[in-house]
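Q: First the structure, then my questions, so here it is.
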Amino acid sequence: MFAKYIFVLLLNTWCYVQCNPSPLGDVVVDRYSIPEVCTREVKSGDNVRYHYNVTFLDGKEFDSSHKRGVPTVGVTGAGRLIAGIDKGIQGMCVNERRKVTVPPHLAYGNEGAGDVVPPDTTLVFDILLLDIWNTADLVATLTMSTPKNCLRSVKRTDFVRYHYNGTLLNGTPFDSSYTRKQTQDGLVGEGWLIKGMDQGVLGMCVGEIRNIVVPPFLAYGEKGFGTDIPSQATLVFDVLLVDLYNPKDDVTVENQEVPESCTRKSVAGDYIRYHYNGSFLNGVSFDSSYQRNSTYNTYIGMGYVISGMDKGLQGVCVGEKRRIVMPPHLAYGEQGAGQDIPGSAVLVFDIHVIDFHNPKDSVEIQVTHKPEVCNETSDINDLIHYHYNCSLLDGTLLFSSSDYDNMQDTVLGADKVIDGLDEGLRGMCVGERRVVIIPPHLGHGEKGASGVPGSAVLQFELELMSLQKGVPDGYLFVWLEDSPAELFKALDMDNNEKVPVEEFGEFIKKQVAEGKGRMKPGADPDEVIADMFRNQDRNKDGVITPDELKLKVEEDKENAMHEEL
């Protein structure tokens with residue numbers, strides 16, 4: 001019976017202390033809402049920021065930070081808070097709610113607090129902890145995701161572009177670069193960023209995601225920032241590093257694939273055609289010539305393109321592939337370009353050089369086979385037959401004579417083929433083979449042609465199959481031997497002092513057949529004869545007389561004398 005009495009007495013005493021503290025009792029703590037995750041608890045010496053409602057034991061409220069809209073900030077264990085709160089807040093987590101009942105001697109004692117708190121009054125605080133930090137805190141970082149390849153990490157004086165979501169320590173969002181659709185940009189360690197961010201991004205790689213916790217004194221401190229960041233707020237940033245460079249950076253060339261045969265490299269003043277994929281350092285694409293199915297064509301080293309590309313395209317070989325990385329001061333700078341390229345963006349171009357040339361280039365001829373016997377070579381006015389393959393310098397076949405039933409033929413110098421090909425076909429022996437490189441100004445020019453891109457350098461593989469010598473400009477027929485002393489008698493085979501077109505044609509064909517003369521090649525022989533006859537038939541009566549022939553011969557001699565003079 002005595003033991004039971006002692007137990008009841010102790011139970012009543014415990015209940016009195018917990019539920020209705022005596023003037024000399026301790027604080028009573030009711031942790032009625034505890035967050036699932038608690039990474040840190042309040043310790044003596046920590047700074048805290050919290051909201052509260054305070055009431056008397058009867059539930060009457062006399063103060064509330066919630067209603068004022070401004071949380072309370074204080075240091076635990078430093079005598080700046082009432083003793084009961086100093087004790088009751090120990091061990092709290094951010095976002096925890098607890099009810100702390102404070103006896104008078106740990107509150108305002110026997111003096112009370114003015115007209116608001118009577119002497120010897122027990123107070124009940126309903127506290128929501130918003131923030132914890134300590135003056136010894138450092139910036140805390142946690143890497144959430146890292147890229148597979150990290151060729152470079154952030155150092156002091158680097159310029160960075162990053163996206164972020166910013167929250168207070170209790171999870172309340174205050175800002176996001178994603179909602180603005182614009183990265184945060186700044187020089188690291190140069191006062192552009194808050195000190196905590198300066199420290200937090202050090203060592204980051206492009207593509208890395210990092211959680212950065214910044215104590216107030218390395219953020220916005222007592223002043224806070226605007227209406228969203230209160231005084232003495234710890235800031236939490238989830239940062240994605242988008243871009244990184246240093247103002248001292250130059251163009252860099254990576255991942256070169258140089259063809260084994262490279263006889264020439266590009267220099268300033270060359271005109272180049274290339275394909276490219278353009279992206280940012282994080283791999284996001286912004287442009288591609290492949291999607292347009294058209295090369296980008298430009299002069300290099302002359303300011304026609306951004307400075308970084310001007311430098312990066314010099315020293316390339318035809319067929320080369322390379323990656324050109326250029327800092328923004330050698331690209332589009334702080335302004336960017338349109339909607340696709342933001343300001344201060346590092347650009348990465350993966351290029352493939354199709355061809356290049358210089359406006360001063362001439363036709364390049366390489367003889368790959370020459371027959372042992374070569375009695376005559378092709379020249380202007382000659383009729384030739386030849387086989388060919390025409391391709392771009394990257395090996396893309398455009399045309400081939402094998403696609404047609406007959407060999408290709410042309411009269412050299414007659415403006416029947418592009419100038420460069422006409423030149424490349426001259427001086428050839430029958431059976432000779434050549435490779436001829438033709439710059440666009442001697443080919444199809446800037447506009448190109450059907451099946452030929454604009455400004456394309458062309459490569460022809462040629463083989464001369466036959467050659468028929470021509471006649472000089474302005475001539476339809478030339479004598480290979482001395483002409484007959486009495487030409488009209490030779491023409492007038494029936495001796496009637498008149499030569500009709502039929503008789504004239506029979507004579508000319510006979511001279512050609514006997515190897516004594518040659519008509520203009522590449523044209524219908526009958527049409528050539530008809531033109532020759534019309535030139536001799538001065539009065540257009542359908543026959544040539546001795547006087548007409550004499551007059552024409554004298555006229556030709558006179559013209560020849562004038563040409564010599």
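Residue numbering restarts at 1 for every chain of the structure tokens, chains are lettered A, B, ... in their displayed order, and ligands are numbered from 1 as they appear.
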Mind checking which residues fall within 6 Å of Val206 (chain A), counting only C-alpha atoms, ignoring those fewer than 5 positions away in the same chain, and posting them as JSON, numbers by chain?

A: {"A": [241, 242, 243]}

Q: Could the residues in this selection be written to a file with N, CA, C and O atoms, as a PDB file, in the first residue's frame?

A:
ATOM      1  N   LEU A 241      26.032  23.341 -64.290  1.00  0.00           N
ATOM      2  CA  LEU A 241      27.015  24.155 -65.010  1.00  0.00           C
ATOM      3  C   LEU A 241      26.848  23.945 -66.512  1.00  0.00           C
ATOM      4  O   LEU A 241      26.976  22.825 -67.017  1.00  0.00           O
ATOM      5  N   VAL A 242      26.563  25.027 -67.205  1.00  0.00           N
ATOM      6  CA  VAL A 242      26.281  24.976 -68.640  1.00  0.00           C
ATOM      7  C   VAL A 242      27.513  25.299 -69.462  1.00  0.00           C
ATOM      8  O   VAL A 242      27.740  24.722 -70.528  1.00  0.00           O
ATOM      9  N   ASP A 243      28.333  26.218 -68.977  1.00  0.00           N
ATOM     10  CA  ASP A 243      29.421  26.721 -69.815  1.00  0.00           C
ATOM     11  C   ASP A 243      30.559  27.212 -68.936  1.00  0.00           C
ATOM     12  O   ASP A 243      30.359  27.597 -67.777  1.00  0.00           O
TER      13      ASP A 243
END

Q: Just want the 10 Å neighbourhood of Met302 (chain A), counted on only C-alpha atoms, with same-chain residues fewer than 6 positions away dropped. Output as a list in words.

A: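 These residues fall inside the cut-off: Ala268, Gly269, Asp270 and Asp310 of chain A.
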
Q: Restricting it to C-alpha atoms, dump the selection as a PDB file, in the first residue's frame.

A:
ATOM      1  CA  ALA A 268      44.306  33.193 -95.075  1.00  0.00           C
ATOM      2  CA  GLY A 269      42.671  34.305 -98.295  1.00  0.00           C
ATOM      3  CA  ASP A 270      41.499  30.822 -99.292  1.00  0.00           C
ATOM      4  CA  ASP A 310      38.636  32.381 -89.039  1.00  0.00           C
TER       5      ASP A 310
END

Q: When you count only C-alpha atoms, which of these residues is closest to Leu130 (chain A): A:Ile82, A:Ile354, A:Ala345, A:Ala233?

A: A:Ala233

Q: Could you list, as a list in words, every residue within 10 Å of Leu123 (chain A), counting only C-alpha atoms and ignoring same-chain residues fewer than 6 positions away?

A: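 Selected residues are Val27, Val54, Thr55, Phe56, Leu57, Asp58, Gly59, Glu61, Phe62, Gly84, Val100, Thr101, Val102, Pro103, Pro104, Leu106, Ala107, Tyr108 and Val117 of chain A.
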
Q: Mind writing the picked residues with all heavy atoms as a compact mmCIF listing (two decimals), in the first residue's frame?

A:
# COMPACT_ATOMS: atom_id res chain seq x y z
N VAL A 27 11.69 23.44 -18.81
CA VAL A 27 10.83 23.60 -20.00
C VAL A 27 10.24 22.26 -20.37
O VAL A 27 10.83 21.19 -20.13
CB VAL A 27 11.61 24.18 -21.19
CG1 VAL A 27 12.10 25.59 -20.90
CG2 VAL A 27 12.76 23.27 -21.57
N VAL A 54 3.09 32.75 -29.43
CA VAL A 54 3.24 32.55 -27.99
C VAL A 54 1.92 32.89 -27.29
O VAL A 54 1.28 33.89 -27.61
CB VAL A 54 4.41 33.41 -27.44
CG1 VAL A 54 4.23 34.89 -27.72
CG2 VAL A 54 4.60 33.16 -25.94
N THR A 55 1.54 32.00 -26.37
CA THR A 55 0.29 32.16 -25.61
C THR A 55 0.55 31.94 -24.13
O THR A 55 1.61 31.44 -23.72
CB THR A 55 -0.76 31.15 -26.10
OG1 THR A 55 -0.31 29.83 -25.76
CG2 THR A 55 -1.01 31.25 -27.59
N PHE A 56 -0.47 32.33 -23.34
CA PHE A 56 -0.47 31.96 -21.92
C PHE A 56 -1.02 30.55 -21.80
O PHE A 56 -1.47 29.95 -22.79
CB PHE A 56 -1.32 32.95 -21.11
CG PHE A 56 -0.82 34.38 -21.24
CD1 PHE A 56 -1.66 35.37 -21.75
CD2 PHE A 56 0.46 34.72 -20.85
CE1 PHE A 56 -1.22 36.67 -21.85
CE2 PHE A 56 0.91 36.03 -20.96
CZ PHE A 56 0.08 37.01 -21.47
N LEU A 57 -1.04 30.03 -20.58
CA LEU A 57 -1.54 28.68 -20.37
C LEU A 57 -3.02 28.55 -20.73
O LEU A 57 -3.50 27.47 -21.08
CB LEU A 57 -1.33 28.24 -18.92
CG LEU A 57 0.11 27.82 -18.56
CD1 LEU A 57 0.21 27.51 -17.06
CD2 LEU A 57 0.55 26.62 -19.38
N ASP A 58 -3.74 29.67 -20.66
CA ASP A 58 -5.17 29.59 -21.00
C ASP A 58 -5.42 29.65 -22.49
O ASP A 58 -6.56 29.68 -22.95
CB ASP A 58 -5.93 30.71 -20.29
CG ASP A 58 -5.45 32.11 -20.71
OD1 ASP A 58 -4.56 32.20 -21.60
OD2 ASP A 58 -5.95 33.11 -20.14
N GLY A 59 -4.30 29.74 -23.28
CA GLY A 59 -4.44 29.74 -24.73
C GLY A 59 -4.54 31.12 -25.35
O GLY A 59 -4.60 31.26 -26.59
N GLU A 61 -3.36 34.31 -26.96
CA GLU A 61 -2.16 34.68 -27.71
C GLU A 61 -1.83 36.14 -27.47
O GLU A 61 -2.71 37.01 -27.50
CB GLU A 61 -2.37 34.44 -29.20
CG GLU A 61 -1.16 34.77 -30.08
CD GLU A 61 -1.42 34.52 -31.56
OE1 GLU A 61 -1.44 33.34 -31.96
OE2 GLU A 61 -1.65 35.51 -32.29
N PHE A 62 -0.52 36.41 -27.23
CA PHE A 62 -0.16 37.81 -27.07
C PHE A 62 0.97 38.24 -28.02
O PHE A 62 1.32 39.41 -28.06
CB PHE A 62 0.25 38.09 -25.61
CG PHE A 62 1.52 37.40 -25.17
CD1 PHE A 62 2.76 37.98 -25.37
CD2 PHE A 62 1.45 36.18 -24.53
CE1 PHE A 62 3.90 37.35 -24.95
CE2 PHE A 62 2.61 35.54 -24.11
CZ PHE A 62 3.84 36.12 -24.32
N GLY A 84 14.33 29.89 -21.55
CA GLY A 84 13.50 28.73 -21.89
C GLY A 84 13.54 28.42 -23.37
O GLY A 84 13.54 27.24 -23.77
N VAL A 100 6.89 24.54 -26.93
CA VAL A 100 7.80 24.66 -25.79
C VAL A 100 7.09 25.44 -24.69
O VAL A 100 6.73 26.62 -24.87
CB VAL A 100 9.11 25.37 -26.19
CG1 VAL A 100 10.04 25.48 -24.99
CG2 VAL A 100 9.80 24.62 -27.34
N THR A 101 6.87 24.77 -23.55
CA THR A 101 6.23 25.43 -22.40
C THR A 101 7.33 25.88 -21.45
O THR A 101 8.13 25.06 -20.97
CB THR A 101 5.26 24.47 -21.69
OG1 THR A 101 4.30 23.99 -22.64
CG2 THR A 101 4.54 25.18 -20.55
N VAL A 102 7.36 27.19 -21.19
CA VAL A 102 8.48 27.79 -20.46
C VAL A 102 7.97 28.31 -19.11
O VAL A 102 7.08 29.19 -19.07
CB VAL A 102 9.10 28.94 -21.27
CG1 VAL A 102 10.28 29.55 -20.51
CG2 VAL A 102 9.53 28.45 -22.65
N PRO A 103 8.50 27.80 -17.99
CA PRO A 103 8.10 28.30 -16.67
C PRO A 103 8.60 29.73 -16.46
O PRO A 103 9.52 30.18 -17.16
CB PRO A 103 8.77 27.31 -15.72
CG PRO A 103 9.95 26.79 -16.46
CD PRO A 103 9.53 26.74 -17.90
N PRO A 104 8.03 30.44 -15.51
CA PRO A 104 8.35 31.87 -15.34
C PRO A 104 9.83 32.15 -15.15
O PRO A 104 10.37 33.10 -15.72
CB PRO A 104 7.53 32.27 -14.12
CG PRO A 104 6.40 31.30 -14.07
CD PRO A 104 6.94 30.00 -14.59
N LEU A 106 12.30 30.79 -16.31
CA LEU A 106 13.05 30.67 -17.56
C LEU A 106 12.45 31.55 -18.65
O LEU A 106 12.80 31.45 -19.83
CB LEU A 106 13.08 29.21 -18.03
CG LEU A 106 13.81 28.24 -17.10
CD1 LEU A 106 13.72 26.82 -17.64
CD2 LEU A 106 15.28 28.65 -16.93
N ALA A 107 11.50 32.41 -18.24
CA ALA A 107 10.87 33.36 -19.16
C ALA A 107 11.16 34.78 -18.67
O ALA A 107 12.31 35.21 -18.69
CB ALA A 107 9.38 33.06 -19.29
N TYR A 108 10.11 35.47 -18.17
CA TYR A 108 10.30 36.86 -17.74
C TYR A 108 10.25 37.01 -16.22
O TYR A 108 10.20 38.13 -15.70
CB TYR A 108 9.23 37.75 -18.40
CG TYR A 108 9.41 37.81 -19.91
CD1 TYR A 108 8.58 37.08 -20.74
CD2 TYR A 108 10.41 38.60 -20.46
CE1 TYR A 108 8.74 37.12 -22.11
CE2 TYR A 108 10.58 38.64 -21.83
CZ TYR A 108 9.75 37.90 -22.67
OH TYR A 108 9.92 37.95 -24.02
N VAL A 117 3.15 40.76 -20.41
CA VAL A 117 3.36 39.51 -19.68
C VAL A 117 3.39 39.81 -18.19
O VAL A 117 4.33 40.47 -17.70
CB VAL A 117 4.67 38.82 -20.11
CG1 VAL A 117 4.86 37.51 -19.34
CG2 VAL A 117 4.70 38.58 -21.61

Q: Can you list every residue in region 239-451 of chain A that DSSP puts in strand (DSSP E or B), as a ChimeraX atom specification?

A: /A:239-245,252-257,271-280,285-288,296-299,321-326,337,341,347-357,364-369,383-392,397-400,408-411,433-438,449

Q: For a quick check of understanding, using only C-alpha atoms, which of A:Val471, A:Ile300, A:Val258, A:Val139 has the smallest distance to Leu202 (chain A)?

A: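 Comparing A:Val471, A:Ile300, A:Val258, A:Val139 against Leu202 (chain A), the winner is A:Val139.
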
Q: Considering only C-alpha atoms, can you say which of A:Tyr304, A:Phe356, A:Phe225, A:Tyr220 comes closest to Arg273 (chain A)?

A: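 Closest candidate: A:Phe356.
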
Q: Would you kindly return, as a list in words, each protein, DNA or RNA residue with an atom no farther than 10 Å from any atom of Ile438 (chain A), considering only C-alpha atoms and excluding same-chain residues fewer than 2 positions away?

A: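 The neighbour list is His357, Asp361, Ser362, Val363, Glu364, Ile365, Ile418, Asp419, Gly420, Leu421, Glu423, Gly424, Val435, Val436, Pro440, His441, Leu442, Gly443, His444, Ala456, Val457, Leu458, Gln459 and Phe460 of chain A.
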
Q: Quick check, in Å to one decimal: how far apart do CA of Pro546 (chain A) and CA of Ala530 (chain A) lie?

A: 18.4 Å

Q: I'd like the contact shell of Asp158 (chain A) - 8 Å cut-off, only C-alpha atoms, skipping same-chain residues fewer than 5 positions apart - returned as a ChimeraX atom specification.

A: /A:187-188,244-247

Q: Write the residues you've just listed into a file as a compact mmCIF listing (two decimals), in the first residue's frame, and include N, CA and C atoms for each of them.

A:
# COMPACT_ATOMS: atom_id res chain seq x y z
N LEU A 187 31.95 36.09 -63.59
CA LEU A 187 33.34 35.72 -63.34
C LEU A 187 33.46 35.18 -61.93
N VAL A 188 34.19 34.10 -61.77
CA VAL A 188 34.35 33.47 -60.46
C VAL A 188 35.47 34.16 -59.70
N LEU A 244 31.75 27.22 -69.52
CA LEU A 244 32.95 27.56 -68.76
C LEU A 244 34.03 28.02 -69.72
N TYR A 245 34.63 29.16 -69.43
CA TYR A 245 35.80 29.58 -70.19
C TYR A 245 36.56 30.61 -69.37
N ASN A 246 37.74 30.97 -69.85
CA ASN A 246 38.52 32.01 -69.22
C ASN A 246 38.74 33.13 -70.23
N PRO A 247 38.67 34.38 -69.80
CA PRO A 247 38.87 35.49 -70.75
C PRO A 247 40.19 35.45 -71.50

Q: Hey, which of A:Leu218, A:Asp30, A:Gly343, A:Tyr276 ends up closest to Gly186 (chain A)? Count only C-alpha atoms.

A: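 The shortest atom-to-atom distance to Gly186 (chain A) comes from A:Gly343.
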
Q: What is the CA of Ser400 (chain A) to CA of Gly427 (chain A) distance in Å?

A: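 Taking CA of Ser400 (chain A) as the start and CA of Gly427 (chain A) as the end point, the length is 21.8 Å.
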
Q: Write out as a list in words the residues lying within 12 Å of Gln339 (chain A), counting only C-alpha atoms and excluding same-chain residues fewer than 2 positions away.

A: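 Surrounding residues, per the criterion: Lys181, Gln182, Phe286, Asp287, Gln335, Gly336, Ala337, Ile341, Pro342 and Gly343 of chain A.
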
Q: May I have the residues within 6 Å of region 497-514 of chain A as a count of residues only, using only C-alpha atoms and disregarding those fewer than 5 positions away in the same chain?

A: 5

Q: What gap, in Å, lies between CA of Ser44 (chain A) and CA of Met197 (chain A)?

A: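 Distance reported for this atom pair: 27.2 Å.
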
Q: When DSSP works through the backbone of this structure, what residues of region 13-255 of chain A end up as helix (DSSP H, G or I), shown as number ranges by chain?

A: A: 13-19, 65-68, 83-88, 104-106, 177-180, 195-200, 216-218, 221-223

Q: Can you write out the residues you just picked, keeping N, CA and C atoms, as a short mmCIF file (atom, residue, chain, number, x, y, z; two decimals), in the first residue's frame?

A:
data_model
loop_
_atom_site.label_atom_id
_atom_site.label_comp_id
_atom_site.auth_asym_id
_atom_site.auth_seq_id
_atom_site.Cartn_x
_atom_site.Cartn_y
_atom_site.Cartn_z
N THR A 13 3.65 14.08 -9.62
CA THR A 13 4.73 15.06 -9.72
C THR A 13 5.20 15.20 -11.17
N TRP A 14 5.38 14.04 -11.92
CA TRP A 14 5.83 14.05 -13.34
C TRP A 14 4.83 14.78 -14.21
N CYS A 15 3.56 14.46 -13.98
CA CYS A 15 2.53 15.09 -14.80
C CYS A 15 2.49 16.58 -14.55
N TYR A 16 2.75 16.98 -13.30
CA TYR A 16 2.69 18.41 -12.99
C TYR A 16 3.84 19.15 -13.70
N VAL A 17 5.02 18.50 -13.68
CA VAL A 17 6.17 19.14 -14.32
C VAL A 17 5.99 19.21 -15.83
N GLN A 18 5.49 18.12 -16.45
CA GLN A 18 5.36 18.08 -17.90
C GLN A 18 4.17 18.89 -18.38
N CYS A 19 3.09 18.83 -17.63
CA CYS A 19 1.86 19.42 -18.14
C CYS A 19 1.60 20.81 -17.58
N SER A 65 5.19 36.04 -34.57
CA SER A 65 6.05 36.50 -35.68
C SER A 65 5.37 36.24 -37.02
N HIS A 66 4.50 35.23 -37.05
CA HIS A 66 3.76 34.94 -38.27
C HIS A 66 2.94 36.16 -38.69
N LYS A 67 2.27 36.77 -37.71
CA LYS A 67 1.40 37.89 -38.04
C LYS A 67 2.21 39.12 -38.43
N ARG A 68 3.41 39.25 -37.87
CA ARG A 68 4.26 40.37 -38.26
C ARG A 68 4.92 40.13 -39.61
N ALA A 83 15.81 32.28 -21.60
CA ALA A 83 16.46 31.01 -21.25
C ALA A 83 15.65 29.80 -21.67
N GLY A 84 14.33 29.89 -21.55
CA GLY A 84 13.50 28.73 -21.89
C GLY A 84 13.54 28.42 -23.37
N ILE A 85 13.54 29.45 -24.21
CA ILE A 85 13.65 29.21 -25.66
C ILE A 85 15.04 28.69 -25.98
N ASP A 86 16.06 29.25 -25.32
CA ASP A 86 17.43 28.78 -25.54
C ASP A 86 17.53 27.28 -25.30
N LYS A 87 16.86 26.81 -24.25
CA LYS A 87 16.88 25.37 -23.95
C LYS A 87 15.92 24.60 -24.85
N GLY A 88 14.73 25.17 -25.05
CA GLY A 88 13.69 24.43 -25.77
C GLY A 88 13.94 24.25 -27.24
N PRO A 104 8.03 30.44 -15.51
CA PRO A 104 8.35 31.87 -15.34
C PRO A 104 9.83 32.15 -15.15
N HIS A 105 10.51 31.34 -14.34
CA HIS A 105 11.90 31.66 -14.05
C HIS A 105 12.81 31.49 -15.26
N LEU A 106 12.30 30.79 -16.31
CA LEU A 106 13.05 30.67 -17.56
C LEU A 106 12.45 31.55 -18.65
N SER A 177 16.62 30.22 -62.44
CA SER A 177 17.02 30.70 -63.77
C SER A 177 16.22 30.00 -64.86
N TYR A 178 15.73 28.81 -64.55
CA TYR A 178 14.94 28.07 -65.55
C TYR A 178 13.66 28.81 -65.90
N THR A 179 13.01 29.40 -64.87
CA THR A 179 11.76 30.11 -65.15
C THR A 179 12.03 31.36 -65.98
N ARG A 180 13.21 31.94 -65.83
CA ARG A 180 13.56 33.12 -66.64
C ARG A 180 14.09 32.72 -68.01
N LYS A 195 29.71 35.36 -52.40
CA LYS A 195 30.94 34.66 -52.04
C LYS A 195 30.74 33.16 -51.95
N GLY A 196 29.60 32.75 -51.44
CA GLY A 196 29.36 31.31 -51.31
C GLY A 196 29.27 30.62 -52.65
N MET A 197 28.70 31.30 -53.65
CA MET A 197 28.64 30.69 -54.98
C MET A 197 30.01 30.68 -55.62
N ASP A 198 30.79 31.74 -55.38
CA ASP A 198 32.17 31.76 -55.84
C ASP A 198 32.91 30.50 -55.40
N GLN A 199 32.69 30.13 -54.11
CA GLN A 199 33.36 28.93 -53.58
C GLN A 199 32.70 27.65 -54.06
N GLY A 200 31.38 27.67 -54.16
CA GLY A 200 30.64 26.44 -54.44
C GLY A 200 30.83 25.89 -55.83
N PRO A 216 24.41 32.35 -44.43
CA PRO A 216 24.00 33.74 -44.70
C PRO A 216 25.16 34.70 -44.87
N PHE A 217 26.22 34.54 -44.05
CA PHE A 217 27.32 35.51 -44.09
C PHE A 217 28.15 35.37 -45.38
N LEU A 218 27.91 34.31 -46.17
CA LEU A 218 28.53 34.18 -47.49
C LEU A 218 27.50 34.36 -48.60
N GLY A 221 23.52 37.98 -46.10
CA GLY A 221 23.69 38.47 -44.75
C GLY A 221 22.46 39.09 -44.13
N GLU A 222 22.70 40.11 -43.31
CA GLU A 222 21.61 40.75 -42.56
C GLU A 222 20.63 41.48 -43.46
N LYS A 223 21.10 42.00 -44.58
CA LYS A 223 20.23 42.79 -45.44
C LYS A 223 19.26 41.93 -46.24
#

Q: Using only C-alpha atoms for the distances, tell me which of A:Ser288, A:Met326, A:Tyr162, A:Gly203 is nearest to Lys248 (chain A).

A: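 Distance minimum relative to Lys248 (chain A) lands on A:Met326.
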